[in-house]
$ cat query.txt   # compact mmCIF, C-alpha atoms
# COMPACT_ATOMS: atom_id res chain seq x y z
CA MET B 29 -46.59 -44.00 3.91
CA ALA B 30 -45.48 -47.28 2.50
CA GLY B 31 -42.07 -48.64 3.33
CA VAL B 32 -40.56 -45.75 5.29
CA SER B 33 -41.23 -45.71 8.98
CA THR B 34 -41.40 -42.45 10.89
CA LYS B 35 -38.39 -43.54 12.92
CA ASP B 36 -36.16 -43.88 9.82
CA ILE B 37 -37.17 -40.44 8.62
CA LYS B 38 -36.49 -38.94 12.02
CA ASN B 39 -32.99 -40.40 12.01
CA ARG B 40 -32.27 -38.98 8.61
CA ILE B 41 -33.49 -35.55 9.65
CA ARG B 42 -31.25 -35.65 12.68
CA SER B 43 -28.15 -36.60 10.67
CA MET B 44 -28.96 -33.94 8.09
CA GLU B 45 -29.24 -31.36 10.81
CA SER B 46 -25.78 -32.11 12.19
CA THR B 47 -24.34 -31.92 8.67
CA LYS B 48 -25.98 -28.56 8.28
CA GLN B 49 -24.45 -27.36 11.52
CA ILE B 50 -20.98 -28.32 10.33
CA THR B 51 -21.29 -26.69 6.92
CA LYS B 52 -22.75 -23.58 8.53
CA ALA B 53 -19.82 -23.37 10.95
CA MET B 54 -17.33 -23.88 8.12
CA GLU B 55 -19.00 -21.16 6.14
CA MET B 56 -18.71 -18.74 9.02
CA VAL B 57 -15.05 -19.58 9.62
CA ALA B 58 -14.30 -19.14 5.91
CA ALA B 59 -16.15 -15.81 5.90
CA SER B 60 -14.07 -14.39 8.71
CA LYS B 61 -10.83 -15.73 7.21
CA LEU B 62 -11.91 -14.30 3.87
CA ARG B 63 -12.23 -10.85 5.36
CA GLN B 64 -8.66 -11.01 6.67
CA ALA B 65 -7.28 -12.39 3.43
CA GLN B 66 -9.15 -9.77 1.43
CA ASN B 67 -7.56 -6.96 3.43
CA ARG B 68 -4.14 -8.49 2.83
CA VAL B 69 -4.76 -8.74 -0.92
CA LEU B 70 -5.96 -5.16 -1.14
CA ALA B 71 -2.94 -3.95 0.84
CA SER B 72 -0.45 -5.84 -1.29
CA ARG B 73 -1.87 -5.07 -4.73
CA PRO B 74 -0.27 -1.62 -5.22
CA TYR B 75 3.13 -3.18 -4.47
CA PHE B 76 2.82 -5.67 -7.32
CA GLU B 77 1.43 -3.17 -9.74
CA ILE B 78 4.31 -0.79 -9.12
CA LEU B 79 6.91 -3.53 -9.06
CA TYR B 80 5.55 -5.03 -12.25
CA GLY B 81 5.50 -1.60 -13.92
CA ALA B 82 9.09 -0.91 -12.91
CA ILE B 83 10.27 -4.31 -14.16
CA SER B 84 8.54 -4.06 -17.52
CA ASP B 85 9.96 -0.57 -18.03
CA ILE B 86 13.43 -1.85 -17.28
CA ALA B 87 12.96 -4.90 -19.50
CA ALA B 88 11.75 -2.70 -22.35
CA SER B 89 14.54 -0.15 -22.08
CA ASN B 90 17.29 -2.73 -21.96
CA ARG B 91 17.21 -4.33 -25.33
CA ASP B 92 20.77 -3.18 -25.84
CA PHE B 93 22.28 -5.56 -23.29
CA SER B 94 21.42 -9.18 -23.00
CA SER B 95 20.63 -10.26 -19.49
CA PRO B 96 20.17 -14.03 -19.23
CA TYR B 97 16.79 -13.29 -17.62
CA LEU B 98 15.54 -11.76 -20.85
CA LYS B 99 16.83 -14.22 -23.40
CA PRO B 100 14.27 -16.78 -24.54
CA ARG B 101 15.64 -20.33 -24.59
CA THR B 102 14.46 -23.34 -26.49
CA GLY B 103 14.24 -26.89 -25.18
CA GLY B 104 15.02 -27.81 -21.61
CA LYS B 105 12.68 -28.28 -18.71
CA SER B 106 9.88 -26.00 -17.59
CA LEU B 107 9.25 -25.30 -13.93
CA PHE B 108 5.71 -24.74 -12.72
CA ILE B 109 5.03 -23.23 -9.32
CA VAL B 110 1.52 -24.41 -8.55
CA ILE B 111 -0.36 -22.80 -5.68
CA ALA B 112 -3.36 -24.74 -4.36
CA GLY B 113 -4.91 -25.25 -0.94
CA ASP B 114 -4.02 -27.50 1.98
CA ARG B 115 -7.56 -28.78 2.43
CA GLY B 116 -10.52 -29.73 0.31
CA LEU B 117 -14.18 -28.78 0.71
CA ALA B 118 -13.63 -25.59 -1.22
CA GLY B 119 -15.78 -26.19 -4.28
CA GLY B 120 -13.79 -26.26 -7.48
CA TYR B 121 -10.88 -24.25 -6.07
CA ASN B 122 -8.27 -27.00 -6.03
CA SER B 123 -9.41 -28.95 -9.08
CA ASN B 124 -9.63 -25.84 -11.28
CA VAL B 125 -6.10 -24.67 -10.60
CA LEU B 126 -4.67 -28.19 -10.88
CA LYS B 127 -6.50 -28.83 -14.14
CA LEU B 128 -5.12 -25.60 -15.59
CA SER B 129 -1.58 -26.50 -14.62
CA LEU B 130 -1.87 -29.92 -16.28
CA GLU B 131 -3.12 -28.20 -19.42
CA GLN B 132 -0.17 -25.82 -19.35
CA MET B 133 2.28 -28.66 -18.83
CA GLU B 134 1.10 -30.60 -21.85
CA GLY B 135 3.85 -31.25 -24.36
CA LYS B 136 6.54 -29.86 -22.09
CA GLU B 137 9.11 -31.58 -19.97
CA SER B 138 7.80 -30.27 -16.68
CA VAL B 139 8.96 -30.08 -13.10
CA VAL B 140 6.62 -28.78 -10.45
CA LEU B 141 7.14 -26.80 -7.27
CA PRO B 142 3.93 -27.52 -5.36
CA ILE B 143 2.59 -25.11 -2.75
CA GLY B 144 -0.32 -26.54 -0.78
CA LYS B 145 -0.84 -30.18 0.25
CA LYS B 146 -3.49 -30.75 -2.40
CA ALA B 147 -1.04 -29.74 -5.13
CA LEU B 148 1.66 -32.01 -3.71
CA ASP B 149 -0.67 -35.03 -3.53
CA TYR B 150 -2.03 -34.41 -6.99
CA PHE B 151 1.33 -34.22 -8.74
CA ARG B 152 2.65 -37.18 -6.80
CA SER B 153 -0.19 -39.32 -8.07
CA HIS B 154 0.35 -37.99 -11.61
CA ASN B 155 4.07 -38.80 -11.41
CA VAL B 156 5.28 -35.28 -12.14
CA PRO B 157 8.76 -34.71 -10.66
CA CYS B 158 9.02 -32.14 -7.85
CA HIS B 159 11.63 -29.42 -7.62
CA THR B 160 11.25 -29.36 -3.85
CA GLU B 161 8.57 -30.42 -1.39
CA ALA B 162 9.71 -28.02 1.29
CA TYR B 163 6.89 -25.57 0.72
CA ALA B 164 4.00 -28.00 0.74
CA GLU B 165 2.00 -26.20 3.39
CA ALA B 166 0.43 -23.10 1.87
CA ALA B 167 -0.95 -21.76 5.14
CA ALA B 168 2.45 -21.73 6.84
CA LEU B 169 4.29 -19.87 4.09
CA THR B 170 5.72 -16.46 5.01
CA VAL B 171 7.05 -13.56 2.95
CA GLY B 172 10.55 -14.77 3.79
CA ASP B 173 9.78 -18.21 2.32
CA CYS B 174 8.57 -16.58 -0.88
CA PHE B 175 11.84 -14.73 -1.22
CA SER B 176 13.87 -17.88 -0.63
CA ILE B 177 11.83 -19.69 -3.30
CA ALA B 178 12.56 -16.78 -5.64
CA LYS B 179 16.29 -16.90 -4.98
CA ASP B 180 16.30 -20.65 -5.43
CA ILE B 181 14.45 -20.65 -8.75
CA SER B 182 16.34 -17.72 -10.23
CA ASN B 183 19.61 -19.52 -9.48
CA ALA B 184 18.23 -22.68 -11.07
CA PHE B 185 17.23 -20.61 -14.09
CA LEU B 186 20.68 -19.06 -14.40
CA ASP B 187 22.29 -22.49 -14.08
CA ARG B 188 20.16 -23.53 -17.07
CA VAL B 189 18.34 -26.22 -15.12
CA TYR B 190 15.08 -24.74 -16.40
CA SER B 191 14.38 -22.82 -19.56
CA GLU B 192 11.03 -21.41 -18.48
CA ILE B 193 9.38 -20.70 -15.16
CA TYR B 194 5.64 -20.30 -14.67
CA VAL B 195 3.42 -19.70 -11.70
CA VAL B 196 -0.11 -21.13 -11.67
CA TYR B 197 -2.41 -19.64 -9.07
CA THR B 198 -6.01 -18.55 -8.53
CA ASN B 199 -6.82 -14.92 -9.08
CA PHE B 200 -9.26 -13.42 -6.59
CA VAL B 201 -11.60 -11.45 -8.85
CA SER B 202 -14.40 -11.01 -6.35
CA VAL B 203 -16.06 -12.89 -3.53
CA LEU B 204 -18.17 -14.78 -6.06
CA SER B 205 -15.63 -15.26 -8.79
CA GLN B 206 -12.12 -16.70 -8.78
CA SER B 207 -10.21 -17.54 -11.92
CA PRO B 208 -7.21 -19.85 -12.17
CA THR B 209 -4.34 -18.09 -13.96
CA ALA B 210 -0.99 -19.12 -15.37
CA MET B 211 1.72 -16.49 -15.58
CA LYS B 212 5.17 -16.67 -17.11
CA LEU B 213 7.84 -15.47 -14.71
CA LEU B 214 11.05 -16.14 -16.60
CA PRO B 215 12.35 -15.34 -19.11
CA LEU B 216 10.86 -11.87 -18.87
CA GLU B 217 8.82 -10.83 -21.84
CA HIS B 218 8.77 -7.34 -23.21
CA THR B 219 5.37 -5.87 -22.78
CA ALA B 220 3.97 -4.50 -26.00
CA ARG B 221 3.20 -1.14 -24.46
CA ALA B 222 6.65 -0.42 -23.14
CA SER B 223 8.62 -1.65 -26.13
CA ALA B 224 6.47 0.37 -28.51
CA GLU B 225 7.37 3.56 -26.73
CA GLY B 226 10.97 2.81 -25.91
CA VAL B 227 11.25 6.10 -24.05
CA HIS B 228 13.21 5.27 -20.95
CA MET B 229 16.50 4.96 -22.73
CA ASP B 230 17.99 7.73 -20.60
CA THR B 231 17.54 5.84 -17.35
CA VAL B 232 20.61 5.49 -15.18
CA TYR B 233 21.35 2.16 -13.49
CA GLU B 234 23.55 1.88 -10.46
CA PRO B 235 26.08 0.20 -10.29
CA ASN B 236 25.35 -0.86 -13.91
CA ALA B 237 22.42 -2.25 -15.83
CA GLU B 238 23.38 -5.92 -15.59
CA GLU B 239 24.11 -5.85 -11.89
CA ALA B 240 21.02 -3.84 -11.10
CA PHE B 241 19.03 -6.40 -13.02
CA ALA B 242 20.65 -9.35 -11.28
CA ALA B 243 19.80 -7.84 -7.90
CA ILE B 244 16.27 -6.78 -8.76
CA ILE B 245 14.95 -9.90 -10.52
CA PRO B 246 14.98 -12.23 -7.47
CA GLU B 247 13.22 -9.49 -5.49
CA TYR B 248 10.66 -9.14 -8.22
CA LEU B 249 10.03 -12.88 -8.35
CA GLY B 250 9.67 -13.05 -4.58
CA GLY B 251 7.13 -10.25 -4.77
CA VAL B 252 5.16 -11.95 -7.51
CA ILE B 253 5.13 -15.30 -5.72
CA TYR B 254 3.98 -13.67 -2.50
CA GLY B 255 1.30 -11.79 -4.41
CA SER B 256 -0.02 -14.92 -6.10
CA LEU B 257 -0.03 -16.68 -2.75
CA CYS B 258 -2.12 -13.89 -1.21
CA GLU B 259 -4.53 -14.00 -4.13
CA SER B 260 -4.78 -17.80 -3.93
CA ARG B 261 -5.40 -17.87 -0.20
CA CYS B 262 -8.11 -15.28 -0.54
CA ALA B 263 -9.68 -17.15 -3.46
CA GLU B 264 -9.61 -20.37 -1.44
CA GLN B 265 -11.57 -18.85 1.41
CA ALA B 266 -14.04 -17.26 -0.99
CA ALA B 267 -14.54 -20.58 -2.78
CA ARG B 268 -15.00 -22.44 0.49
CA ARG B 269 -17.49 -19.89 1.74
CA THR B 270 -19.59 -20.20 -1.42
CA ALA B 271 -19.39 -24.00 -1.40
CA MET B 272 -20.38 -24.25 2.24
CA ASP B 273 -23.17 -21.75 1.77
CA SER B 274 -24.74 -23.87 -0.96
CA ALA B 275 -24.17 -27.04 1.09
CA THR B 276 -26.07 -25.45 3.98
CA GLN B 277 -28.88 -24.48 1.64
CA ASN B 278 -29.07 -27.98 0.21
CA ALA B 279 -29.21 -29.43 3.71
CA GLU B 280 -32.04 -27.06 4.58
CA GLU B 281 -33.97 -28.12 1.48
CA MET B 282 -33.52 -31.77 2.33
CA ILE B 283 -34.63 -31.21 5.91
CA ASP B 284 -37.78 -29.45 4.68
CA ASP B 285 -38.45 -32.30 2.30
CA LEU B 286 -37.93 -34.93 4.96
CA THR B 287 -40.07 -33.07 7.50
CA LEU B 288 -42.92 -33.07 4.99
CA LYS B 289 -42.49 -36.80 4.45
CA PHE B 290 -42.35 -37.37 8.18
CA ASN B 291 -45.61 -35.49 8.74
CA ARG B 292 -47.31 -37.39 5.94
CA ALA B 293 -46.20 -40.69 7.42
CA ARG B 294 -47.43 -39.64 10.86
CA GLN B 295 -50.77 -38.53 9.38
CA ALA B 296 -51.14 -41.84 7.55
CA ALA B 297 -50.45 -43.79 10.71
CA ILE B 298 -53.10 -41.81 12.64
CA THR B 299 -55.67 -42.21 9.87
CA GLN B 300 -55.06 -45.91 9.78
CA GLU B 301 -55.50 -46.20 13.54
CA ILE B 302 -58.79 -44.27 13.46
CA THR B 303 -60.07 -46.46 10.63
CA GLU B 304 -59.25 -49.54 12.65
CA ILE B 305 -61.02 -48.24 15.78
CA VAL B 306 -64.11 -47.22 13.82
CA ALA B 307 -64.22 -50.59 12.06
CA GLY B 308 -63.87 -52.32 15.44
CA SER B 309 -66.74 -50.38 17.14
CA ASP B 310 -69.03 -50.95 14.12
CA ALA B 311 -68.58 -54.66 14.35
CA MET V 13 12.62 23.47 -1.09
CA THR V 14 11.13 21.94 -4.22
CA SER V 15 9.26 18.78 -3.56
CA PHE V 16 8.54 15.75 -5.74
CA PRO V 17 5.97 12.93 -5.64
CA LEU V 18 7.11 9.93 -3.64
CA LYS V 19 5.48 6.54 -3.21
CA ILE V 20 6.66 3.88 -0.79
CA VAL V 21 5.05 0.45 -1.19
CA THR V 22 5.85 -2.87 0.44
CA PRO V 23 4.07 -6.21 0.29
CA ASP V 24 2.23 -5.10 3.45
CA GLY V 25 0.69 -2.12 1.75
CA LEU V 26 1.14 1.46 0.69
CA ILE V 27 3.24 3.14 3.36
CA PHE V 28 3.69 6.61 1.94
CA ASP V 29 2.03 8.43 -0.91
CA GLY V 30 2.65 12.15 -1.10
CA THR V 31 5.34 14.70 -1.77
CA ALA V 32 8.80 14.86 -0.25
CA GLU V 33 11.76 17.22 -0.48
CA MET V 34 14.38 14.56 -0.14
CA VAL V 35 14.70 10.82 0.34
CA THR V 36 17.87 9.04 1.39
CA VAL V 37 18.34 5.29 1.05
CA ARG V 38 21.10 2.75 1.50
CA THR V 39 21.73 1.14 -1.89
CA VAL V 40 23.92 -1.87 -2.58
CA GLU V 41 26.78 0.57 -3.21
CA GLY V 42 26.24 3.02 -0.36
CA ASP V 43 23.94 5.84 0.61
CA MET V 44 22.13 7.79 -2.04
CA ALA V 45 19.83 10.79 -1.84
CA VAL V 46 17.11 11.74 -4.29
CA MET V 47 15.85 15.30 -4.59
CA ALA V 48 13.47 16.97 -7.00
CA ARG V 49 14.38 16.82 -10.72
CA HIS V 50 16.57 13.76 -10.27
CA ILE V 51 17.54 11.94 -13.46
CA ASN V 52 15.58 8.74 -14.25
CA CYS V 53 17.22 5.88 -12.49
CA VAL V 54 16.77 2.37 -11.12
CA VAL V 55 18.82 1.28 -8.12
CA PRO V 56 18.67 -1.96 -6.11
CA LEU V 57 18.60 -1.34 -2.37
CA GLY V 58 20.73 -2.86 0.35
CA MET V 59 19.91 -2.93 4.03
CA GLY V 60 20.06 0.21 6.10
CA THR V 61 18.49 3.41 7.27
CA ALA V 62 16.24 5.39 4.98
CA ALA V 63 15.20 8.97 5.60
CA VAL V 64 12.33 10.94 4.12
CA VAL V 65 12.17 14.74 4.43
CA THR V 66 8.67 16.16 4.09
CA GLY V 67 7.67 19.69 5.04
CA GLY V 68 11.08 20.25 6.63
CA GLU V 69 10.61 17.28 8.92
CA ARG V 70 12.97 14.34 8.69
CA LYS V 71 11.63 10.87 9.39
CA ILE V 72 13.81 7.81 9.53
CA ALA V 73 13.02 4.16 8.91
CA ALA V 74 14.63 0.75 8.56
CA CYS V 75 14.56 -0.12 4.87
CA ILE V 76 15.61 -3.54 3.62
CA GLY V 77 15.88 -4.89 0.08
CA GLY V 78 13.92 -4.00 -3.02
CA LEU V 79 14.54 -1.15 -5.40
CA LEU V 80 14.23 2.58 -5.91
CA SER V 81 13.20 4.03 -9.22
CA VAL V 82 12.82 7.58 -10.45
CA ASN V 83 10.74 8.00 -13.58
CA ASN V 84 9.97 11.43 -15.02
CA GLY V 85 10.33 13.12 -11.66
CA GLU V 86 8.26 10.58 -9.76
CA CYS V 87 10.10 8.57 -7.19
CA THR V 88 8.99 5.06 -6.25
CA LEU V 89 10.54 3.15 -3.40
CA VAL V 90 9.69 -0.57 -3.44
CA PRO V 91 11.46 -2.16 -0.47
CA THR V 92 10.88 -5.67 0.88
CA THR V 93 10.39 -4.27 4.37
CA PHE V 94 10.08 -0.68 5.48
CA GLU V 95 9.40 0.28 9.07
CA TRP V 96 9.22 3.80 10.44
CA ALA V 97 11.49 4.22 13.46
CA GLU V 98 8.58 4.74 15.84
CA ASN V 99 6.99 1.42 14.78
CA ILE V 100 10.04 -0.72 15.40
CA ASP V 101 9.68 -3.32 18.12
CA VAL V 102 13.09 -3.10 19.83
CA SER V 103 12.57 -6.11 22.09
CA ARG V 104 11.68 -8.25 19.07
CA ALA V 105 14.80 -7.04 17.25
CA GLU V 106 16.91 -7.86 20.31
CA LYS V 107 15.42 -11.34 20.51
CA ALA V 108 16.13 -11.91 16.81
CA GLN V 109 19.66 -10.64 17.33
CA ALA V 110 20.31 -13.04 20.22
CA LYS V 111 18.86 -15.98 18.29
CA ALA V 112 20.92 -15.27 15.18
CA GLN V 113 24.04 -14.74 17.28
CA ALA V 114 23.51 -18.10 18.98
CA ILE V 115 23.33 -19.87 15.61
CA LEU V 116 26.48 -18.11 14.41
CA ASP V 117 28.34 -18.95 17.64
CA SER V 118 27.37 -22.59 17.54
CA LYS V 119 29.14 -22.86 14.15
CA LYS V 120 27.20 -26.01 13.37
CA ASP V 121 24.35 -26.40 10.87
CA ASP V 122 24.98 -26.07 7.20
CA GLU V 123 26.30 -23.09 5.32
CA VAL V 124 22.83 -21.95 4.30
CA ALA V 125 21.64 -21.73 7.90
CA GLN V 126 24.74 -19.77 8.84
CA LYS V 127 24.22 -17.30 6.01
CA LEU V 128 20.58 -16.93 6.92
CA ALA V 129 21.51 -16.23 10.55
CA GLU V 130 24.04 -13.65 9.42
CA ALA V 131 21.43 -11.83 7.35
CA LYS V 132 18.97 -12.00 10.24
CA LEU V 133 21.59 -10.56 12.58
CA ARG V 134 22.23 -7.67 10.22
CA ARG V 135 18.55 -6.90 9.91
CA ALA V 136 18.10 -6.96 13.68
CA LEU V 137 21.08 -4.63 14.15
CA ILE V 138 19.72 -2.18 11.58
CA ARG V 139 16.33 -2.12 13.30
CA LYS V 140 17.91 -1.50 16.70
CA ASN V 141 20.16 1.16 15.26
CA VAL V 142 17.28 3.00 13.62
CA ALA V 143 15.21 2.86 16.81
CA GLU V 144 18.14 4.26 18.82
CA GLN V 145 18.70 7.08 16.34
CA TYR V 146 15.04 7.98 16.64
CA LYS V 147 15.18 8.15 20.42
CA GLY V 148 18.56 9.90 20.66
$ encode --input "query.txt" --output "structure tokens"
Amino acid sequence: MAGVSTKDIKNRIRSMESTKQITKAMEMVAASKLRQAQNRVLASRPYFEILYGAISDIAASNRDFSSPYLKPRTGGKSLFIVIAGDRGLAGGYNSNVLKLSLEQMEGKESVVLPIGKKALDYFRSHNVPCHTEAYAEAAALTVGDCFSIAKDISNAFLDRVYSEIYVVYTNFVSVLSQSPTAMKLLPLEHTARASAEGVHMDTVYEPNAEEAFAAIIPEYLGGVIYGSLCESRCAEQAARRTAMDSATQNAEEMIDDLTLKFNRARQAAITQEITEIVAGSDA
Amino acid sequence: MTSFPLKIVTPDGLIFDGTAEMVTVRTVEGDMAVMARHINCVVPLGMGTAAVVTGGERKIAACIGGLLSVNNGECTLVPTTFEWAENIDVSRAEKAQAKAQAILDSKKDDEVAQKLAEAKLRRALIRKNVAEQYKG
């Protein structure tokens, strides 16, 4: 074959093979991490559903008193908690969630609380101010950290530093599908279902409604942040697994292609040699 | 005794889903017991011992943070952590206690670290206490 020597092709096949080995290994690591993360998500889901249900019932039944957590405010800054990964090579995982958060921030005076190194780097380069950089490593975050974030942001909300608080994370729908989601944390919104019924008016709050609310909201936020973190971590592993799987497949295709080329080149070289010998003996 | 549906869920998963005759928890204002046909209520929880009575058997646990709600006869306990007495790792609690005590004794660090150590100490003491009650 013209131009490409068999040696060049051989080198390319070899380098492609080592790439394939790496992507294959990464896929396997992601698959085993995914299994763990998936169990965690499944275990924690009932907690959030029940917590969310309890909070929306309380929010709906308490239109008579005005907790600062419920009152919508206008103007002021918006805080976005953005959960992304620490590392790349996870397909569109990081870029999807970061793109969504930029969309959400448009037209608002925004401050970000990045979770995950990729989120931190991204918002630094986009010159978005950070609330804190203490939680930059998503993999190292514990339940306790989530609750301290919650306490911190609910205090900031009460001090009127922020008028709205959102969390942007990736929802783990299935192994093959993950969707970036933005959710409003504060102020709490009445859900349509609960406020339409308005049945729980006879609920008793100890010590009283306001205090119960003030104690429960930071807990609720901590729970939601932890939940979104679990979902995001699981989604990250799923995205990485899929991305590495297709990278491995692409490498295999290229190796097949190159092997074919290599054989053709070898064949051509042999044919040429035979032709030369025959021509020589004829002469 | 009449029983009622009870659910206990934490971020680590569903811990209890069934019927109980009575559940006792430590709220921010003191102990409180819920029995069947309790009025609808929502109560934030403190840190302390919780007890669940099912089928005449009383089980105790360390229950920290979160809330308890009763809604139309169904009781939901949503604590931040909930550990049955038999699952408590006493040596870990003792280690946490010693570590927190050391921070408190040193009296340095900032106020936040001191408060955190205090809370950690209280949690460790509750765990130890619950484990001892279970044994004794």
$ atom_distance --input "query.txt" --atom1 "CA of Leu79 in chain V" --atom2 "CA of Met44 in chain V"
12.2 Å
$ closest_atom_pairs --input "query.txt" --of "chain V" --to "chain B" --cutoff "12 Å" --atoms "all atoms listed in the file" --output "JSON lines"
{"residue": "V:Lys19", "atom": "CA", "partner": "B:Ile78", "partner_atom": "CA", "distance": 9.5}
{"residue": "V:Ile20", "atom": "CA", "partner": "B:Tyr75", "partner_atom": "CA", "distance": 8.7}
{"residue": "V:Val21", "atom": "CA", "partner": "B:Tyr75", "partner_atom": "CA", "distance": 5.3}
{"residue": "V:Thr22", "atom": "CA", "partner": "B:Tyr75", "partner_atom": "CA", "distance": 5.6}
{"residue": "V:Pro23", "atom": "CA", "partner": "B:Ser72", "partner_atom": "CA", "distance": 4.8}
{"residue": "V:Asp24", "atom": "CA", "partner": "B:Ser72", "partner_atom": "CA", "distance": 5.5}
{"residue": "V:Gly25", "atom": "CA", "partner": "B:Ala71", "partner_atom": "CA", "distance": 4.2}
{"residue": "V:Leu26", "atom": "CA", "partner": "B:Ala71", "partner_atom": "CA", "distance": 6.8}
{"residue": "V:Ile27", "atom": "CA", "partner": "B:Ala71", "partner_atom": "CA", "distance": 9.7}
{"residue": "V:Phe28", "atom": "CA", "partner": "B:Pro74", "partner_atom": "CA", "distance": 11.6}
{"residue": "V:Asp29", "atom": "CA", "partner": "B:Pro74", "partner_atom": "CA", "distance": 11.2}
{"residue": "V:Thr39", "atom": "CA", "partner": "B:Glu234", "partner_atom": "CA", "distance": 8.8}
{"residue": "V:Val40", "atom": "CA", "partner": "B:Pro235", "partner_atom": "CA", "distance": 8.3}
{"residue": "V:Glu41", "atom": "CA", "partner": "B:Pro235", "partner_atom": "CA", "distance": 7.1}
{"residue": "V:Gly42", "atom": "CA", "partner": "B:Pro235", "partner_atom": "CA", "distance": 10.3}
{"residue": "V:Asp43", "atom": "CA", "partner": "B:Glu234", "partner_atom": "CA", "distance": 11.8}
{"residue": "V:Met44", "atom": "CA", "partner": "B:Glu234", "partner_atom": "CA", "distance": 10.4}
{"residue": "V:His50", "atom": "CA", "partner": "B:Val232", "partner_atom": "CA", "distance": 10.4}
{"residue": "V:Ile51", "atom": "CA", "partner": "B:Thr231", "partner_atom": "CA", "distance": 7.2}
{"residue": "V:Asn52", "atom": "CA", "partner": "B:Thr231", "partner_atom": "CA", "distance": 4.7}
{"residue": "V:Cys53", "atom": "CA", "partner": "B:Val232", "partner_atom": "CA", "distance": 4.3}
{"residue": "V:Val54", "atom": "CA", "partner": "B:Tyr233", "partner_atom": "CA", "distance": 5.2}
{"residue": "V:Val55", "atom": "CA", "partner": "B:Glu234", "partner_atom": "CA", "distance": 5.3}
{"residue": "V:Pro56", "atom": "CA", "partner": "B:Ala240", "partner_atom": "CA", "distance": 5.8}
{"residue": "V:Leu57", "atom": "CA", "partner": "B:Ala243", "partner_atom": "CA", "distance": 8.6}
{"residue": "V:Gly58", "atom": "CA", "partner": "B:Ala243", "partner_atom": "CA", "distance": 9.7}
{"residue": "V:Ile76", "atom": "CA", "partner": "B:Glu247", "partner_atom": "CA", "distance": 11.1}
{"residue": "V:Gly77", "atom": "CA", "partner": "B:Glu247", "partner_atom": "CA", "distance": 7.7}
{"residue": "V:Gly78", "atom": "CA", "partner": "B:Glu247", "partner_atom": "CA", "distance": 6.1}
{"residue": "V:Leu79", "atom": "CA", "partner": "B:Ile244", "partner_atom": "CA", "distance": 6.8}
{"residue": "V:Leu80", "atom": "CA", "partner": "B:Ala82", "partner_atom": "CA", "distance": 9.4}
{"residue": "V:Ser81", "atom": "CA", "partner": "B:Ala82", "partner_atom": "CA", "distance": 7.4}
{"residue": "V:Val82", "atom": "CA", "partner": "B:Thr231", "partner_atom": "CA", "distance": 8.5}
{"residue": "V:Asn83", "atom": "CA", "partner": "B:Thr231", "partner_atom": "CA", "distance": 8.1}
{"residue": "V:Asn84", "atom": "CA", "partner": "B:His228", "partner_atom": "CA", "distance": 9.1}
{"residue": "V:Gly85", "atom": "CA", "partner": "B:Thr231", "partner_atom": "CA", "distance": 11.7}
{"residue": "V:Glu86", "atom": "CA", "partner": "B:Ala82", "partner_atom": "CA", "distance": 11.9}
{"residue": "V:Cys87", "atom": "CA", "partner": "B:Ala82", "partner_atom": "CA", "distance": 11.1}
{"residue": "V:Thr88", "atom": "CA", "partner": "B:Ile78", "partner_atom": "CA", "distance": 8.0}
{"residue": "V:Leu89", "atom": "CA", "partner": "B:Ile78", "partner_atom": "CA", "distance": 9.3}
{"residue": "V:Val90", "atom": "CA", "partner": "B:Leu79", "partner_atom": "CA", "distance": 6.9}
{"residue": "V:Pro91", "atom": "CA", "partner": "B:Glu247", "partner_atom": "CA", "distance": 9.1}
{"residue": "V:Thr92", "atom": "CA", "partner": "B:Glu247", "partner_atom": "CA", "distance": 7.8}
{"residue": "V:Thr93", "atom": "CA", "partner": "B:Val171", "partner_atom": "CA", "distance": 10.0}
{"residue": "V:Val124", "atom": "CA", "partner": "B:Ser176", "partner_atom": "CA", "distance": 11.0}
{"residue": "V:Leu128", "atom": "CA", "partner": "B:Ser176", "partner_atom": "CA", "distance": 10.1}
{"residue": "V:Ala131", "atom": "CA", "partner": "B:Gly172", "partner_atom": "CA", "distance": 11.8}
{"residue": "V:Lys132", "atom": "CA", "partner": "B:Gly172", "partner_atom": "CA", "distance": 11.0}
$ closest_residue --input "query.txt" --among "B:Thr34, B:Ser95, B:Thr209, B:Ser182" --to "Glu131 in chain B" --atoms "all atoms listed in the file"
B:Thr209
$ residues_around --input "query.txt" --residues "Asp114 in chain B" --least-positions-apart "4" --cutoff "8 Å" --atoms "only C-alpha atoms" --output "list in words"
Gly144, Lys145, Lys146, Glu165, Ala166 and Ala167 of chain B
$ residues_near_point --input "query.txt" --point "(23.1, -16.0, 9.5)" --cutoff "10 Å" --atoms "only C-alpha atoms" --output "VMD selection string"
chain V and resid 111 to 116 123 to 134
$ closest_residue --input "query.txt" --among "B:Val201, B:Val140, B:Ala147, B:Leu288" --to "Ser123 in chain B" --atoms "all atoms listed in the file"
B:Ala147
$ closest_residue --input "query.txt" --among "V:Ile100, V:Ala108, V:Val35, V:Ile138" --to "Thr66 in chain V" --atoms "only C-alpha atoms"
V:Val35
$ closest_residue --input "query.txt" --among "B:Lys48, B:Lys99, B:Arg63, B:Arg115" --to "Ser274 in chain B" --atoms "all atoms listed in the file"
B:Lys48
